[in-house]
Amino acid sequence: MSRITLDAPRQTRPTASAALELLKPITWFAPMWAFGCGAISARSSAGADSSAFWVVVAGIVLSGPLLCGASQAVNDWFDRHVDAINEPQRPIPSGRMPGRSALHLAIAWTLLSLAVAAMLGSWVLAAAIAGCALAWAYSAPPFRLKRNGWWGNAAVAIAYEGLAWFTGAAVVAGGLPDGRIILLAALYSIGAHGIMTLNDFKSVEGDTALGVRTLPVQYGVTTAAILACVVMLLPQLLVVALLLVWSAGFYALAVAGLVAAQLVLMRRLLAAPRLRAPWYNATGTSLYVAGMMVSAFAVSSVIGG
């Protein structure tokens, strides 16, 4: 009796589930939250257009599933060789996104993002172009900004926080947002650089072996943790000062309270940075983003008043 061997057919087309996994929905929250902060910060300058709700919905989709999703697809494509070693279950190395389908998805998603942004206004399009440029420069050669913690973390912080905040404000305002809104977006972008640094503690050995110069690799875990805390704190203190100058004392007090709580948590973080970085991201970072929303309501009240 002859022996029959049944081999699984080689996959030639990507599955919808693999494509969705490549876009990493869990990462969409940060830019969508920042977009929401931007939308709220500009609400007092919004008109009474009945279509405003749907415009905001389109902006949320743009900031999360489209722009952030595109950046994740780009990153996975250019990290496919590393993922084949460290995360072979990812869609590309596992073969669930065969051939160059992941690259094609990254390009298509980038172009779709820009098309949607163009429909939302020239300032939204400008922000989307900047965000896409940062996403590709972060992952793709020759720039590959992610190989240096200063540049790579700055690119992510600007794209996920500052540009998303600016986009939300531009969508609601229907044009260039108020300068005070742009200033808040910039400050919270700077602070987000520290949050990005905390994410680098989990892979110090691997980054060292691969020549990725994250801040923990460059300066050691303890010094990098101190830098991350300082970078997170200083912009928030400037926000408190600005809110006081803008006569938004109640909001300034609220943000100051959130900063004080972060200081308490940071003390515990610095005692064991690598162990407690995930814990701080769930606690201290939550207070940081809460402060973003408080500041958004503050500047809205200032502009509206």
# chains A, B, ... in the order shown; residues from 1 in each chain; ligands from 1
>>> closest_atom_pairs(of="stretch 155-207 of chain A", to="stretch 137-149 of chain A", cutoff="8 Å", atoms="only C-alpha atoms", output="JSON lines")
{"residue": "A:Ala155", "atom": "CA", "partner": "A:Tyr138", "partner_atom": "CA", "distance": 6.7}
{"residue": "A:Val156", "atom": "CA", "partner": "A:Tyr138", "partner_atom": "CA", "distance": 7.9}
{"residue": "A:Thr197", "atom": "CA", "partner": "A:Gly149", "partner_atom": "CA", "distance": 7.3}
>>> write_last_selection(atoms="N, CA and C atoms", output="mmCIF file, in the first residue's frame")
data_model
loop_
_atom_site.group_PDB
_atom_site.id
_atom_site.type_symbol
_atom_site.label_atom_id
_atom_site.label_comp_id
_atom_site.auth_asym_id
_atom_site.auth_seq_id
_atom_site.Cartn_x
_atom_site.Cartn_y
_atom_site.Cartn_z
ATOM 1 N N ALA A 155 10.084 60.899 16.898
ATOM 2 C CA ALA A 155 9.209 60.715 15.742
ATOM 3 C C ALA A 155 7.862 60.151 16.166
ATOM 4 N N VAL A 156 7.886 59.137 17.034
ATOM 5 C CA VAL A 156 6.635 58.522 17.489
ATOM 6 C C VAL A 156 5.825 59.504 18.340
ATOM 7 N N THR A 197 10.314 56.149 25.919
ATOM 8 C CA THR A 197 11.534 55.591 26.508
ATOM 9 C C THR A 197 11.205 54.443 27.460
#
>>> residues_around(residues="stretch 85-94 of chain A", least_positions_apart="2", cutoff="8 Å", atoms="only C-alpha atoms", output="mmCIF file with N, CA, C and O atoms, in the first residue's frame")
data_model
loop_
_atom_site.group_PDB
_atom_site.id
_atom_site.type_symbol
_atom_site.label_atom_id
_atom_site.label_comp_id
_atom_site.auth_asym_id
_atom_site.auth_seq_id
_atom_site.Cartn_x
_atom_site.Cartn_y
_atom_site.Cartn_z
ATOM 1 N N ALA A 18 -4.967 38.415 9.271
ATOM 2 C CA ALA A 18 -3.541 38.727 9.294
ATOM 3 C C ALA A 18 -3.308 40.202 9.000
ATOM 4 O O ALA A 18 -2.453 40.851 9.618
ATOM 5 N N ALA A 19 -4.072 40.756 8.050
ATOM 6 C CA ALA A 19 -3.941 42.175 7.721
ATOM 7 C C ALA A 19 -4.327 43.044 8.913
ATOM 8 O O ALA A 19 -3.651 44.037 9.227
ATOM 9 N N GLU A 21 -4.201 42.160 12.061
ATOM 10 C CA GLU A 21 -3.152 42.010 13.067
ATOM 11 C C GLU A 21 -1.940 42.874 12.729
ATOM 12 O O GLU A 21 -1.295 43.438 13.611
ATOM 13 N N LEU A 22 -1.643 42.982 11.434
ATOM 14 C CA LEU A 22 -0.516 43.796 10.996
ATOM 15 C C LEU A 22 -0.739 45.266 11.340
ATOM 16 O O LEU A 22 0.198 45.991 11.674
ATOM 17 N N ASP A 76 6.345 46.820 10.593
ATOM 18 C CA ASP A 76 6.457 45.366 10.525
ATOM 19 C C ASP A 76 7.177 44.915 9.255
ATOM 20 O O ASP A 76 7.921 43.928 9.275
ATOM 21 N N TRP A 77 6.948 45.610 8.158
ATOM 22 C CA TRP A 77 7.615 45.216 6.917
ATOM 23 C C TRP A 77 9.134 45.368 7.038
ATOM 24 O O TRP A 77 9.891 44.469 6.688
ATOM 25 N N ARG A 80 10.805 42.785 9.410
ATOM 26 C CA ARG A 80 10.417 41.390 9.184
ATOM 27 C C ARG A 80 11.556 40.412 9.474
ATOM 28 O O ARG A 80 11.309 39.296 9.944
ATOM 29 N N HIS A 81 12.800 40.813 9.204
ATOM 30 C CA HIS A 81 13.919 39.898 9.442
ATOM 31 C C HIS A 81 14.175 39.721 10.938
ATOM 32 O O HIS A 81 14.486 38.619 11.395
ATOM 33 N N VAL A 82 14.039 40.812 11.687
ATOM 34 C CA VAL A 82 14.203 40.730 13.136
ATOM 35 C C VAL A 82 13.048 39.947 13.748
ATOM 36 O O VAL A 82 13.246 39.109 14.642
ATOM 37 N N ASP A 83 11.831 40.196 13.252
ATOM 38 C CA ASP A 83 10.666 39.482 13.778
ATOM 39 C C ASP A 83 10.747 37.984 13.494
ATOM 40 O O ASP A 83 10.211 37.167 14.258
ATOM 41 N N ARG A 96 1.609 34.382 6.926
ATOM 42 C CA ARG A 96 0.195 34.750 6.765
ATOM 43 C C ARG A 96 0.009 36.029 5.959
ATOM 44 O O ARG A 96 -1.089 36.326 5.504
ATOM 45 N N MET A 97 1.105 36.802 5.795
ATOM 46 C CA MET A 97 1.130 37.921 4.851
ATOM 47 C C MET A 97 2.244 37.600 3.857
ATOM 48 O O MET A 97 3.379 38.049 4.003
ATOM 49 N N PRO A 98 1.961 36.780 2.866
ATOM 50 C CA PRO A 98 3.017 36.236 1.998
ATOM 51 C C PRO A 98 3.567 37.272 1.020
ATOM 52 O O PRO A 98 2.939 38.299 0.734
ATOM 53 N N ALA A 102 2.495 42.665 2.582
ATOM 54 C CA ALA A 102 2.534 43.604 3.706
ATOM 55 C C ALA A 102 3.027 44.976 3.244
ATOM 56 O O ALA A 102 2.508 46.007 3.682
#
>>> residues_around(residues="A:Ala159", least_positions_apart="3", cutoff="9 Å", atoms="only C-alpha atoms", output="list of chain:residue names")
A:Pro31, A:Cys68, A:Ala127, A:Ala128, A:Ala130, A:Gly131, A:Cys132, A:Leu134, A:Ala135, A:Ala154, A:Ala155, A:Val156, A:Gly162, A:Leu163, A:Ala164, A:Ser189
>>> closest_residue(among="A:Val124, A:Val294, A:Leu103, A:Ala117", to="A:Trp136", atoms="only C-alpha atoms")
A:Leu103
>>> residues_around(residues="A:Gly175", least_positions_apart="3", cutoff="8 Å", atoms="only C-alpha atoms", output="JSON, numbers by chain")
{"A": [121, 122, 123, 170, 171]}
>>> decode(residues="stretch 65-100 of chain A", atoms="N, CA, C and O atoms", output="PDB file, in the first residue's frame")
ATOM      1  N   PRO A  65      -7.154  53.981  12.933  1.00  0.00           N
ATOM      2  CA  PRO A  65      -7.055  52.866  11.988  1.00  0.00           C
ATOM      3  C   PRO A  65      -6.225  53.165  10.743  1.00  0.00           C
ATOM      4  O   PRO A  65      -5.544  52.275  10.233  1.00  0.00           O
ATOM      5  N   LEU A  66      -6.277  54.402  10.251  1.00  0.00           N
ATOM      6  CA  LEU A  66      -5.570  54.704   9.005  1.00  0.00           C
ATOM      7  C   LEU A  66      -4.111  55.085   9.234  1.00  0.00           C
ATOM      8  O   LEU A  66      -3.192  54.341   8.891  1.00  0.00           O
ATOM      9  N   LEU A  67      -3.853  56.251   9.818  1.00  0.00           N
ATOM     10  CA  LEU A  67      -2.462  56.714   9.957  1.00  0.00           C
ATOM     11  C   LEU A  67      -1.651  55.824  10.901  1.00  0.00           C
ATOM     12  O   LEU A  67      -0.531  55.416  10.572  1.00  0.00           O
ATOM     13  N   CYS A  68      -2.206  55.542  12.065  1.00  0.00           N
ATOM     14  CA  CYS A  68      -1.472  54.678  13.001  1.00  0.00           C
ATOM     15  C   CYS A  68      -1.342  53.270  12.434  1.00  0.00           C
ATOM     16  O   CYS A  68      -0.284  52.641  12.526  1.00  0.00           O
ATOM     17  N   GLY A  69      -2.413  52.778  11.822  1.00  0.00           N
ATOM     18  CA  GLY A  69      -2.356  51.455  11.218  1.00  0.00           C
ATOM     19  C   GLY A  69      -1.299  51.377  10.123  1.00  0.00           C
ATOM     20  O   GLY A  69      -0.559  50.401  10.029  1.00  0.00           O
ATOM     21  N   ALA A  70      -1.222  52.418   9.300  1.00  0.00           N
ATOM     22  CA  ALA A  70      -0.210  52.448   8.245  1.00  0.00           C
ATOM     23  C   ALA A  70       1.195  52.409   8.833  1.00  0.00           C
ATOM     24  O   ALA A  70       2.078  51.698   8.333  1.00  0.00           O
ATOM     25  N   SER A  71       1.406  53.174   9.904  1.00  0.00           N
ATOM     26  CA  SER A  71       2.739  53.204  10.517  1.00  0.00           C
ATOM     27  C   SER A  71       3.123  51.833  11.062  1.00  0.00           C
ATOM     28  O   SER A  71       4.291  51.426  10.993  1.00  0.00           O
ATOM     29  N   GLN A  72       2.149  51.089  11.587  1.00  0.00           N
ATOM     30  CA  GLN A  72       2.432  49.759  12.118  1.00  0.00           C
ATOM     31  C   GLN A  72       2.775  48.776  10.995  1.00  0.00           C
ATOM     32  O   GLN A  72       3.676  47.942  11.139  1.00  0.00           O
ATOM     33  N   ALA A  73       2.062  48.892   9.871  1.00  0.00           N
ATOM     34  CA  ALA A  73       2.358  48.026   8.734  1.00  0.00           C
ATOM     35  C   ALA A  73       3.750  48.314   8.177  1.00  0.00           C
ATOM     36  O   ALA A  73       4.503  47.387   7.844  1.00  0.00           O
ATOM     37  N   VAL A  74       4.092  49.584   8.081  1.00  0.00           N
ATOM     38  CA  VAL A  74       5.420  49.978   7.610  1.00  0.00           C
ATOM     39  C   VAL A  74       6.493  49.392   8.531  1.00  0.00           C
ATOM     40  O   VAL A  74       7.495  48.814   8.078  1.00  0.00           O
ATOM     41  N   ASN A  75       6.276  49.535   9.833  1.00  0.00           N
ATOM     42  CA  ASN A  75       7.267  49.065  10.800  1.00  0.00           C
ATOM     43  C   ASN A  75       7.446  47.549  10.717  1.00  0.00           C
ATOM     44  O   ASN A  75       8.575  47.038  10.760  1.00  0.00           O
ATOM     45  N   ASP A  76       6.345  46.820  10.593  1.00  0.00           N
ATOM     46  CA  ASP A  76       6.457  45.366  10.525  1.00  0.00           C
ATOM     47  C   ASP A  76       7.177  44.915   9.255  1.00  0.00           C
ATOM     48  O   ASP A  76       7.921  43.928   9.275  1.00  0.00           O
ATOM     49  N   TRP A  77       6.948  45.610   8.158  1.00  0.00           N
ATOM     50  CA  TRP A  77       7.615  45.216   6.917  1.00  0.00           C
ATOM     51  C   TRP A  77       9.134  45.368   7.038  1.00  0.00           C
ATOM     52  O   TRP A  77       9.891  44.469   6.688  1.00  0.00           O
ATOM     53  N   PHE A  78       9.574  46.487   7.551  1.00  0.00           N
ATOM     54  CA  PHE A  78      11.009  46.729   7.620  1.00  0.00           C
ATOM     55  C   PHE A  78      11.667  46.021   8.812  1.00  0.00           C
ATOM     56  O   PHE A  78      12.891  45.966   8.891  1.00  0.00           O
ATOM     57  N   ASP A  79      10.839  45.472   9.707  1.00  0.00           N
ATOM     58  CA  ASP A  79      11.368  44.688  10.822  1.00  0.00           C
ATOM     59  C   ASP A  79      11.178  43.188  10.617  1.00  0.00           C
ATOM     60  O   ASP A  79      11.389  42.392  11.536  1.00  0.00           O
ATOM     61  N   ARG A  80      10.805  42.785   9.410  1.00  0.00           N
ATOM     62  CA  ARG A  80      10.417  41.390   9.184  1.00  0.00           C
ATOM     63  C   ARG A  80      11.556  40.412   9.474  1.00  0.00           C
ATOM     64  O   ARG A  80      11.309  39.296   9.944  1.00  0.00           O
ATOM     65  N   HIS A  81      12.800  40.813   9.204  1.00  0.00           N
ATOM     66  CA  HIS A  81      13.919  39.898   9.442  1.00  0.00           C
ATOM     67  C   HIS A  81      14.175  39.721  10.938  1.00  0.00           C
ATOM     68  O   HIS A  81      14.486  38.619  11.395  1.00  0.00           O
ATOM     69  N   VAL A  82      14.039  40.812  11.687  1.00  0.00           N
ATOM     70  CA  VAL A  82      14.203  40.730  13.136  1.00  0.00           C
ATOM     71  C   VAL A  82      13.048  39.947  13.748  1.00  0.00           C
ATOM     72  O   VAL A  82      13.246  39.109  14.642  1.00  0.00           O
ATOM     73  N   ASP A  83      11.831  40.196  13.252  1.00  0.00           N
ATOM     74  CA  ASP A  83      10.666  39.482  13.778  1.00  0.00           C
ATOM     75  C   ASP A  83      10.747  37.984  13.494  1.00  0.00           C
ATOM     76  O   ASP A  83      10.211  37.167  14.258  1.00  0.00           O
ATOM     77  N   ALA A  84      11.406  37.617  12.399  1.00  0.00           N
ATOM     78  CA  ALA A  84      11.556  36.197  12.089  1.00  0.00           C
ATOM     79  C   ALA A  84      12.332  35.471  13.184  1.00  0.00           C
ATOM     80  O   ALA A  84      12.140  34.272  13.404  1.00  0.00           O
ATOM     81  N   ILE A  85      13.173  36.214  13.914  1.00  0.00           N
ATOM     82  CA  ILE A  85      13.943  35.639  15.015  1.00  0.00           C
ATOM     83  C   ILE A  85      13.203  35.786  16.344  1.00  0.00           C
ATOM     84  O   ILE A  85      13.060  34.826  17.108  1.00  0.00           O
ATOM     85  N   ASN A  86      12.725  37.005  16.601  1.00  0.00           N
ATOM     86  CA  ASN A  86      12.149  37.313  17.916  1.00  0.00           C
ATOM     87  C   ASN A  86      10.651  37.005  18.018  1.00  0.00           C
ATOM     88  O   ASN A  86      10.167  36.610  19.080  1.00  0.00           O
ATOM     89  N   GLU A  87       9.899  37.228  16.941  1.00  0.00           N
ATOM     90  CA  GLU A  87       8.450  37.025  16.958  1.00  0.00           C
ATOM     91  C   GLU A  87       8.008  36.313  15.677  1.00  0.00           C
ATOM     92  O   GLU A  87       7.314  36.894  14.841  1.00  0.00           O
ATOM     93  N   PRO A  88       8.400  35.062  15.510  1.00  0.00           N
ATOM     94  CA  PRO A  88       8.081  34.356  14.262  1.00  0.00           C
ATOM     95  C   PRO A  88       6.593  34.152  14.019  1.00  0.00           C
ATOM     96  O   PRO A  88       6.187  33.806  12.906  1.00  0.00           O
ATOM     97  N   GLN A  89       5.783  34.390  15.043  1.00  0.00           N
ATOM     98  CA  GLN A  89       4.341  34.246  14.875  1.00  0.00           C
ATOM     99  C   GLN A  89       3.691  35.469  14.240  1.00  0.00           C
ATOM    100  O   GLN A  89       2.509  35.440  13.911  1.00  0.00           O
ATOM    101  N   ARG A  90       4.448  36.567  14.056  1.00  0.00           N
ATOM    102  CA  ARG A  90       3.902  37.775  13.449  1.00  0.00           C
ATOM    103  C   ARG A  90       3.433  37.477  12.019  1.00  0.00           C
ATOM    104  O   ARG A  90       3.884  36.520  11.391  1.00  0.00           O
ATOM    105  N   PRO A  91       2.523  38.269  11.469  1.00  0.00           N
ATOM    106  CA  PRO A  91       1.928  37.945  10.161  1.00  0.00           C
ATOM    107  C   PRO A  91       2.931  37.747   9.032  1.00  0.00           C
ATOM    108  O   PRO A  91       2.748  36.847   8.197  1.00  0.00           O
ATOM    109  N   ILE A  92       4.006  38.543   8.977  1.00  0.00           N
ATOM    110  CA  ILE A  92       4.941  38.421   7.854  1.00  0.00           C
ATOM    111  C   ILE A  92       5.834  37.193   7.998  1.00  0.00           C
ATOM    112  O   ILE A  92       5.859  36.340   7.096  1.00  0.00           O
ATOM    113  N   PRO A  93       6.594  37.046   9.093  1.00  0.00           N
ATOM    114  CA  PRO A  93       7.469  35.863   9.176  1.00  0.00           C
ATOM    115  C   PRO A  93       6.713  34.540   9.236  1.00  0.00           C
ATOM    116  O   PRO A  93       7.239  33.508   8.819  1.00  0.00           O
ATOM    117  N   SER A  94       5.473  34.563   9.721  1.00  0.00           N
ATOM    118  CA  SER A  94       4.697  33.319   9.789  1.00  0.00           C
ATOM    119  C   SER A  94       4.153  32.901   8.425  1.00  0.00           C
ATOM    120  O   SER A  94       3.647  31.788   8.274  1.00  0.00           O
ATOM    121  N   GLY A  95       4.229  33.813   7.438  1.00  0.00           N
ATOM    122  CA  GLY A  95       3.726  33.512   6.099  1.00  0.00           C
ATOM    123  C   GLY A  95       2.275  33.850   5.887  1.00  0.00           C
ATOM    124  O   GLY A  95       1.721  33.635   4.801  1.00  0.00           O
ATOM    125  N   ARG A  96       1.609  34.382   6.926  1.00  0.00           N
ATOM    126  CA  ARG A  96       0.195  34.750   6.765  1.00  0.00           C
ATOM    127  C   ARG A  96       0.009  36.029   5.959  1.00  0.00           C
ATOM    128  O   ARG A  96      -1.089  36.326   5.504  1.00  0.00           O
ATOM    129  N   MET A  97       1.105  36.802   5.795  1.00  0.00           N
ATOM    130  CA  MET A  97       1.130  37.921   4.851  1.00  0.00           C
ATOM    131  C   MET A  97       2.244  37.600   3.857  1.00  0.00           C
ATOM    132  O   MET A  97       3.379  38.049   4.003  1.00  0.00           O
ATOM    133  N   PRO A  98       1.961  36.780   2.866  1.00  0.00           N
ATOM    134  CA  PRO A  98       3.017  36.236   1.998  1.00  0.00           C
ATOM    135  C   PRO A  98       3.567  37.272   1.020  1.00  0.00           C
ATOM    136  O   PRO A  98       2.939  38.299   0.734  1.00  0.00           O
ATOM    137  N   GLY A  99       4.751  36.957   0.503  1.00  0.00           N
ATOM    138  CA  GLY A  99       5.369  37.814  -0.510  1.00  0.00           C
ATOM    139  C   GLY A  99       5.551  39.238  -0.035  1.00  0.00           C
ATOM    140  O   GLY A  99       6.020  39.489   1.071  1.00  0.00           O
ATOM    141  N   ARG A 100       5.179  40.167  -0.899  1.00  0.00           N
ATOM    142  CA  ARG A 100       5.298  41.594  -0.587  1.00  0.00           C
ATOM    143  C   ARG A 100       3.939  42.201  -0.237  1.00  0.00           C
ATOM    144  O   ARG A 100       3.756  43.421  -0.323  1.00  0.00           O
TER     145      ARG A 100
END
